[in-house]
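Note: the block below is model.cif and it holds mmCIF, C-alpha atoms.
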```cif
data_input
#
loop_
_atom_site.label_atom_id
_atom_site.label_comp_id
_atom_site.auth_asym_id
_atom_site.auth_seq_id
_atom_site.Cartn_x
_atom_site.Cartn_y
_atom_site.Cartn_z
CA MET A 99 -16.54 65.65 11.42
CA LYS A 100 -17.45 63.37 8.50
CA ILE A 101 -15.34 65.47 6.15
CA PHE A 102 -12.40 65.28 8.56
CA ALA A 103 -12.82 61.51 8.84
CA LEU A 104 -12.81 61.27 5.07
CA PHE A 105 -9.63 63.35 4.94
CA LEU A 106 -7.88 61.09 7.45
CA CYS A 107 -8.89 57.95 5.59
CA SER A 108 -7.59 59.54 2.41
CA LEU A 109 -4.24 60.15 4.13
CA GLY A 110 -4.12 56.47 4.93
CA LEU A 111 -4.75 55.80 1.26
CA ILE A 112 -1.93 58.04 0.11
CA SER A 113 0.57 56.64 2.59
CA SER A 114 -0.16 53.06 1.57
CA GLY A 115 -0.14 53.42 -2.20
CA ASN A 116 -2.91 53.02 -4.75
CA LEU A 117 -5.76 51.11 -3.14
CA PHE A 118 -7.13 50.15 -6.55
CA ALA A 119 -3.79 48.56 -7.46
CA GLN A 120 -2.76 46.52 -4.45
CA ASP A 121 -0.58 44.17 -6.46
CA TRP A 122 0.91 42.59 -3.34
CA ALA A 123 -2.55 41.69 -2.02
CA LYS A 124 -3.72 40.45 -5.40
CA ALA A 125 -0.62 38.27 -5.77
CA ARG A 126 -1.25 36.62 -2.39
CA LEU A 127 -4.87 36.02 -3.30
CA GLU A 128 -3.96 34.36 -6.59
CA LYS A 129 -1.74 31.89 -4.74
CA SER A 130 -4.48 30.91 -2.29
CA PRO A 131 -5.62 27.26 -2.38
CA ARG A 132 -9.04 28.19 -1.00
CA HIS A 133 -12.27 28.38 -2.99
CA HIS A 134 -13.39 31.89 -3.94
CA GLU A 135 -16.64 32.86 -5.59
CA TRP A 136 -18.87 35.85 -6.33
CA VAL A 137 -22.57 35.75 -5.54
CA ASP A 138 -25.49 38.12 -6.12
CA LEU A 139 -27.65 38.65 -3.03
CA LYS A 140 -31.11 40.19 -2.91
CA ALA A 141 -31.10 43.14 -0.53
CA GLY A 142 -33.37 46.12 0.01
CA GLY A 143 -35.22 45.66 -3.27
CA GLY A 144 -31.96 45.43 -5.22
CA THR A 145 -28.91 43.23 -5.64
CA VAL A 146 -25.62 43.38 -3.77
CA LYS A 147 -22.55 41.56 -5.07
CA ALA A 148 -20.50 39.66 -2.51
CA PHE A 149 -17.14 37.91 -2.46
CA VAL A 150 -17.14 34.60 -0.59
CA VAL A 151 -14.18 32.51 0.58
CA TYR A 152 -14.41 29.04 2.08
CA PRO A 153 -11.93 27.50 4.52
CA GLU A 154 -10.41 24.09 3.93
CA ALA A 155 -12.32 22.37 6.73
CA LYS A 156 -13.71 18.91 7.49
CA MET A 157 -16.53 20.22 9.68
CA LYS A 158 -19.09 23.00 9.54
CA THR A 159 -17.61 26.35 10.57
CA PRO A 160 -18.73 29.79 11.76
CA ALA A 161 -18.89 32.62 9.22
CA LEU A 162 -17.84 36.26 9.22
CA VAL A 163 -19.43 39.16 7.40
CA VAL A 164 -16.50 41.41 6.45
CA VAL A 165 -17.32 45.12 6.04
CA HIS A 166 -14.77 46.78 3.77
CA GLU A 167 -12.99 50.11 4.21
CA ILE A 168 -14.07 53.47 2.86
CA PHE A 169 -12.25 52.58 -0.37
CA GLY A 170 -14.74 49.90 -1.35
CA LEU A 171 -14.14 46.22 -2.03
CA THR A 172 -10.47 46.39 -2.97
CA ASP A 173 -7.85 43.69 -3.57
CA TRP A 174 -6.89 43.95 0.09
CA ALA A 175 -10.49 43.40 1.24
CA GLU A 176 -10.58 40.21 -0.82
CA GLU A 177 -7.19 39.13 0.51
CA LEU A 178 -8.32 39.82 4.08
CA ALA A 179 -11.33 37.58 3.51
CA ASP A 180 -8.98 34.87 2.30
CA GLU A 181 -6.94 35.24 5.49
CA VAL A 182 -10.13 34.83 7.52
CA ALA A 183 -10.83 31.62 5.61
CA ALA A 184 -7.24 30.48 6.15
CA ALA A 185 -7.91 30.81 9.89
CA GLY A 186 -10.83 28.41 9.48
CA TYR A 187 -13.95 30.52 8.87
CA ILE A 188 -16.25 31.28 5.96
CA ALA A 189 -15.89 34.91 4.89
CA VAL A 190 -18.35 37.00 2.90
CA VAL A 191 -17.60 40.58 1.81
CA PRO A 192 -20.58 42.46 0.38
CA ASP A 193 -19.58 45.20 -2.03
CA LEU A 194 -21.48 48.12 -0.52
CA LEU A 195 -21.03 50.03 -3.78
CA SER A 196 -22.86 47.41 -5.82
CA ALA A 197 -26.35 48.22 -4.57
CA PRO A 198 -26.56 51.90 -5.66
CA GLY A 199 -27.32 51.74 -9.38
CA GLY A 200 -26.12 48.17 -9.80
CA LYS A 201 -22.47 49.17 -9.99
CA ASP A 202 -19.52 47.83 -7.99
CA THR A 203 -16.26 49.19 -6.62
CA GLN A 204 -14.30 48.53 -9.80
CA SER A 205 -16.81 50.48 -11.89
CA TYR A 206 -15.85 53.75 -10.22
CA PRO A 207 -13.29 55.80 -12.22
CA ASP A 208 -10.91 56.48 -9.36
CA GLN A 209 -10.36 56.26 -5.61
CA GLU A 210 -11.87 59.67 -4.92
CA ALA A 211 -15.13 58.69 -6.57
CA ALA A 212 -15.31 55.41 -4.62
CA ILE A 213 -14.56 57.16 -1.32
CA LYS A 214 -17.24 59.75 -2.00
CA ALA A 215 -19.77 57.05 -2.83
CA VAL A 216 -19.04 54.97 0.29
CA SER A 217 -19.20 58.10 2.45
CA ALA A 218 -22.67 58.88 1.09
CA LEU A 219 -24.15 55.48 1.99
CA THR A 220 -26.99 55.54 4.51
CA PRO A 221 -28.11 52.98 7.13
CA GLY A 222 -31.10 52.25 4.91
CA GLN A 223 -28.68 51.10 2.21
CA VAL A 224 -25.93 49.41 4.23
CA LEU A 225 -27.85 47.46 6.88
CA PRO A 226 -30.02 45.53 4.39
CA ASP A 227 -26.85 44.60 2.47
CA LEU A 228 -25.24 43.27 5.63
CA ASP A 229 -28.46 41.44 6.52
CA ALA A 230 -28.41 39.78 3.10
CA ALA A 231 -24.80 38.69 3.55
CA ALA A 232 -25.40 37.36 7.07
CA ASP A 233 -28.53 35.47 6.03
CA TYR A 234 -26.74 33.97 3.05
CA VAL A 235 -23.75 32.56 4.92
CA ARG A 236 -25.84 31.37 7.86
CA LYS A 237 -27.83 29.13 5.50
CA LEU A 238 -24.81 27.65 3.72
CA PRO A 239 -24.50 23.89 4.25
CA SER A 240 -20.90 24.37 5.39
CA CYS A 241 -21.83 26.96 8.06
CA ASN A 242 -22.61 25.86 11.62
CA GLY A 243 -25.14 28.67 12.02
CA LYS A 244 -22.89 31.10 13.89
CA VAL A 245 -22.24 34.43 12.18
CA ALA A 246 -20.07 37.32 13.37
CA VAL A 247 -19.18 40.66 11.81
CA CYS A 248 -15.89 42.49 11.39
CA GLY A 249 -15.20 45.86 9.82
CA PHE A 250 -12.34 48.19 9.00
CA CYS A 251 -12.16 52.00 8.88
CA ARG A 252 -15.62 53.19 7.77
CA GLY A 253 -16.52 49.51 7.68
CA GLY A 254 -15.58 49.28 11.36
CA ALA A 255 -18.14 51.94 12.16
CA TRP A 256 -20.78 50.11 10.11
CA ALA A 257 -19.90 46.81 11.81
CA PHE A 258 -20.43 48.43 15.24
CA ARG A 259 -23.80 49.74 14.11
CA TYR A 260 -24.69 46.39 12.64
CA ALA A 261 -24.09 44.74 16.01
CA ASN A 262 -26.80 47.03 17.34
CA HIS A 263 -29.06 46.08 14.43
CA ASN A 264 -28.70 42.29 14.30
CA PRO A 265 -29.34 40.45 17.60
CA LYS A 266 -28.33 37.11 16.05
CA LEU A 267 -24.64 37.97 15.72
CA ALA A 268 -22.21 35.86 17.72
CA ALA A 269 -19.56 38.62 17.98
CA ALA A 270 -18.39 41.91 16.47
CA TYR A 271 -14.75 42.81 15.75
CA ILE A 272 -14.28 46.54 15.24
CA PHE A 273 -11.07 47.72 13.61
CA TYR A 274 -10.57 51.48 14.06
CA GLY A 275 -14.22 52.37 13.53
CA ASP A 276 -16.33 55.08 15.15
CA PRO A 277 -18.76 53.99 17.90
CA PRO A 278 -22.49 53.83 17.11
CA GLU A 279 -25.03 56.44 18.15
CA SER A 280 -26.90 53.72 20.05
CA ALA A 281 -25.68 50.47 21.59
CA ALA A 282 -28.72 49.45 23.63
CA GLN A 283 -29.66 46.60 21.28
CA ILE A 284 -26.21 45.01 21.04
CA ASN A 285 -26.55 41.36 21.99
CA CYS A 286 -23.03 40.05 21.40
CA PRO A 287 -19.51 40.74 22.68
CA VAL A 288 -17.70 43.56 20.88
CA TYR A 289 -13.92 43.55 20.51
CA GLY A 290 -12.08 46.69 19.43
CA PHE A 291 -8.73 47.11 17.67
CA TYR A 292 -7.29 50.64 17.56
CA GLY A 293 -4.08 52.48 16.70
CA GLN A 294 -2.41 54.73 19.24
CA ALA A 295 -1.46 57.22 16.52
CA ASP A 296 -5.04 57.27 15.24
CA GLU A 297 -6.17 59.79 17.85
CA ARG A 298 -9.46 60.75 16.20
CA ILE A 299 -10.70 57.18 16.61
CA SER A 300 -8.80 56.00 19.69
CA ALA A 301 -9.98 59.06 21.61
CA THR A 302 -13.52 57.68 21.43
CA VAL A 303 -12.60 54.48 23.29
CA PRO A 304 -12.97 55.69 26.92
CA ALA A 305 -16.46 57.08 26.32
CA THR A 306 -17.44 53.93 24.45
CA GLU A 307 -16.19 51.78 27.32
CA LYS A 308 -18.26 53.85 29.76
CA LEU A 309 -21.37 53.60 27.58
CA MET A 310 -21.09 49.87 27.01
CA LYS A 311 -20.47 49.22 30.71
CA SER A 312 -23.51 51.27 31.68
CA LEU A 313 -25.61 49.14 29.35
CA GLY A 314 -24.17 45.88 30.62
CA LYS A 315 -22.55 45.10 27.28
CA THR A 316 -19.23 43.36 26.66
CA TYR A 317 -16.68 45.67 25.02
CA GLN A 318 -12.99 44.85 25.07
CA PRO A 319 -10.77 47.35 23.21
CA VAL A 320 -7.02 47.20 22.65
CA ILE A 321 -4.94 50.17 21.48
CA TYR A 322 -1.74 49.21 19.68
CA ALA A 323 1.37 51.29 20.39
CA GLY A 324 2.43 53.63 17.60
CA ALA A 325 0.00 52.21 15.05
CA GLY A 326 -1.88 54.49 12.71
CA HIS A 327 -5.28 54.30 11.07
CA GLY A 328 -5.65 51.32 8.74
CA PHE A 329 -2.83 49.30 10.31
CA MET A 330 -4.36 45.96 9.32
CA ARG A 331 -3.87 46.90 5.67
CA ALA A 332 -0.83 49.11 5.97
CA GLY A 333 0.83 46.63 8.31
CA GLU A 334 1.10 43.92 5.68
CA ALA A 335 2.13 46.12 2.77
CA PRO A 336 5.73 45.69 1.52
CA ASP A 337 6.61 49.19 2.78
CA ALA A 338 4.87 48.83 6.16
CA LYS A 339 6.05 50.95 9.07
CA PRO A 340 7.34 48.85 12.00
CA ALA A 341 4.58 50.05 14.35
CA ASP A 342 1.87 49.18 11.84
CA ARG A 343 3.42 45.80 11.09
CA ASN A 344 3.68 44.96 14.80
CA ALA A 345 0.09 46.07 15.39
CA HIS A 346 -1.09 44.00 12.45
CA ASP A 347 0.67 40.88 13.75
CA ASP A 348 -0.45 41.37 17.35
CA ALA A 349 -4.03 42.09 16.29
CA TRP A 350 -4.16 38.94 14.18
CA THR A 351 -2.89 36.86 17.08
CA ARG A 352 -5.57 38.32 19.34
CA TRP A 353 -8.28 38.04 16.69
CA LYS A 354 -7.58 34.37 15.97
CA SER A 355 -7.74 33.65 19.69
CA LEU A 356 -11.11 35.40 19.92
CA LEU A 357 -12.45 33.65 16.84
CA LYS A 358 -11.88 30.30 18.51
CA LYS A 359 -14.58 31.27 21.03
CA LEU A 360 -17.26 31.30 18.33
#
```

Starting from the file, lay out its structure as structure tokens.
Amino acid sequence: MKIFALFLCSLGLISSGNLFAQDWAKARLEKSPRHHEWVDLKAGGGTVKAFVVYPEAKMKTPALVVVHEIFGLTDWAEELADEVAAAGYIAVVPDLLSAPGGKDTQSYPDQEAAIKAVSALTPGQVLPDLDAAADYVRKLPSCNGKVAVCGFCRGGAWAFRYANHNPKLAAAYIFYGDPPESAAQINCPVYGFYGQADERISATVPATEKLMKSLGKTYQPVIYAGAGHGFMRAGEAPDAKPADRNAHDDAWTRWKSLLKKL
């Protein structure tokens, strides 16, 4: 199953161009007026690098821990964080490939190597990194103390698991990620975003709804017509398919509405 998931994510990579050379995302990021910075966070006995973006705000704001795709912390992941900040929230993206051996996503020779490395990460590696990111932004003077998590692709699966790990989260936004093995400890509302043409993932939604309901948890999924896996990235690429672009736009509208509840 994990190999098949990796294959499908790789298809998304091929259809959307070189994920290490997302010039369109990088160009948008370079034009951003918002403050960006890199920080080193202590996690699990090591150091994880994280990209942080601040909104232009007059008051303290909530923060989001952004969990990147299976491709690592790419230009698009940074640009997505900037979009989160543009909506009015602090965004922190830990590079999950920076903890093993002190490397980072850009140090890997190619996409295949990065995908393989992300796929090999364990809960013992990822959860401490996410804890470090959440603790860091929660303590920022510009944060109001509320922290949520969002994740995409493999990062969506990790975000779902992190909601079960961290009872302090205000919300979890899961973009086409597998459900967790256990949800009993989830203490926040979970909102799902899925593509209709992404059957491997969207097929898990009914069982997840049943599980979450049986546990008394809030889980509100939406499946977007015709959209494929990775539509939040693919939907804003210059060559985006109409279904992916529509799903991207509709999901952002919904997401911004949900973020206002933080």

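CA of Ala175 in chain A lies 11.6 Å from CA of Cys251 in chain A.
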
For the structure provided, state which residues fall under the PyMOL selection byres ((chain A and resi 178) around 12), and present them as a ChimeraX atom specification.
/A:123-124,126-127,130,149-151,162-167,171-177,179-185,187-191,248-250,330-331,334,346,350

Could you spell out the hits of the PyMOL selection byres ((chain A and resi 144) around 12) on the shown file, as a PyMOL selection string?
chain A and resi 138-143+145-147+194-201+223-224+226-227+230

Any chance you could resolve the PyMOL selection byres ((chain A and resi 267) around 12) against this file and give the residues as a ChimeraX atom specification?
/A:160-163,228-229,232-233,236,243-248,257-266,268-271,283-288,360

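Between CA of Tyr234 in chain A and CA of Asp193 in chain A there is a distance of 14.3 Å.
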
Go through A:Gly253, A:Gly170, A:Gly314, A:Gly324 and flag the residue nearest Gln204 in chain A, using only C-alpha atoms for the distances.
A:Gly170

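Picture a line from CA of His134 in chain A to CA of Leu219 in chain A; it runs 26.6 Å.
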
Just want the 8 Å neighbourhood of Ile168 in chain A, counted on all atoms listed in the file, with same-chain residues fewer than 5 positions away dropped. Output as a list in words.
Cys107, Ala212, Ile213, Val216, Ser217, Cys251, Arg252 and Gly253 of chain A

Using all atoms listed in the file, which residue out of A:Asp202, A:Glu128, A:Phe169, A:Ser240 lies closest to Met157 in chain A?
A:Ser240

Please write out, as lines of an AutoDock Vina configuration file, where the centre of an axis-aligned box around all listed atoms of range 293-309 of chain A lies and how long its edges are, in Å to one decimal, after adding 6 Å on each side.
```
center_x = -11.4
center_y = 56.3
center_z = 22.5
size_x = 31.9
size_y = 21.0
size_z = 26.5
```

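The shortest atom-to-atom distance to Val235 in chain A, with only C-alpha atoms taken into account, belongs to A:Tyr152 out of A:Tyr152, A:Tyr292, A:Trp256, A:Tyr317.
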
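Residue nearest Cys241 in chain A, chosen from A:Pro192, A:Pro153, A:Pro207, A:Pro336 and counting only C-alpha atoms: A:Pro153.
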
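Shortest atom-to-atom contact with Thr306 in chain A among A:Glu279, A:Trp122, A:Ala345, A:Ile321: A:Glu279, counting all atoms listed in the file.
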
All residues 7 Å or closer to His327 in chain A, all atoms listed in the file, same chain fewer than 2 positions away omitted, as a ChimeraX atom specification
/A:110,274,293,296,325,329

For the selection you just gave me, I'd like the residues written to a file as an mmCIF file, in the frame of the given file, keeping C-alpha atoms.
```cif
data_model
loop_
_atom_site.group_PDB
_atom_site.id
_atom_site.type_symbol
_atom_site.label_atom_id
_atom_site.label_comp_id
_atom_site.auth_asym_id
_atom_site.auth_seq_id
_atom_site.Cartn_x
_atom_site.Cartn_y
_atom_site.Cartn_z
ATOM 1 C CA GLY A 110 -4.120 56.470 4.930
ATOM 2 C CA TYR A 274 -10.570 51.480 14.060
ATOM 3 C CA GLY A 293 -4.080 52.480 16.700
ATOM 4 C CA ASP A 296 -5.040 57.270 15.240
ATOM 5 C CA ALA A 325 0.000 52.210 15.050
ATOM 6 C CA PHE A 329 -2.830 49.300 10.310
#
```
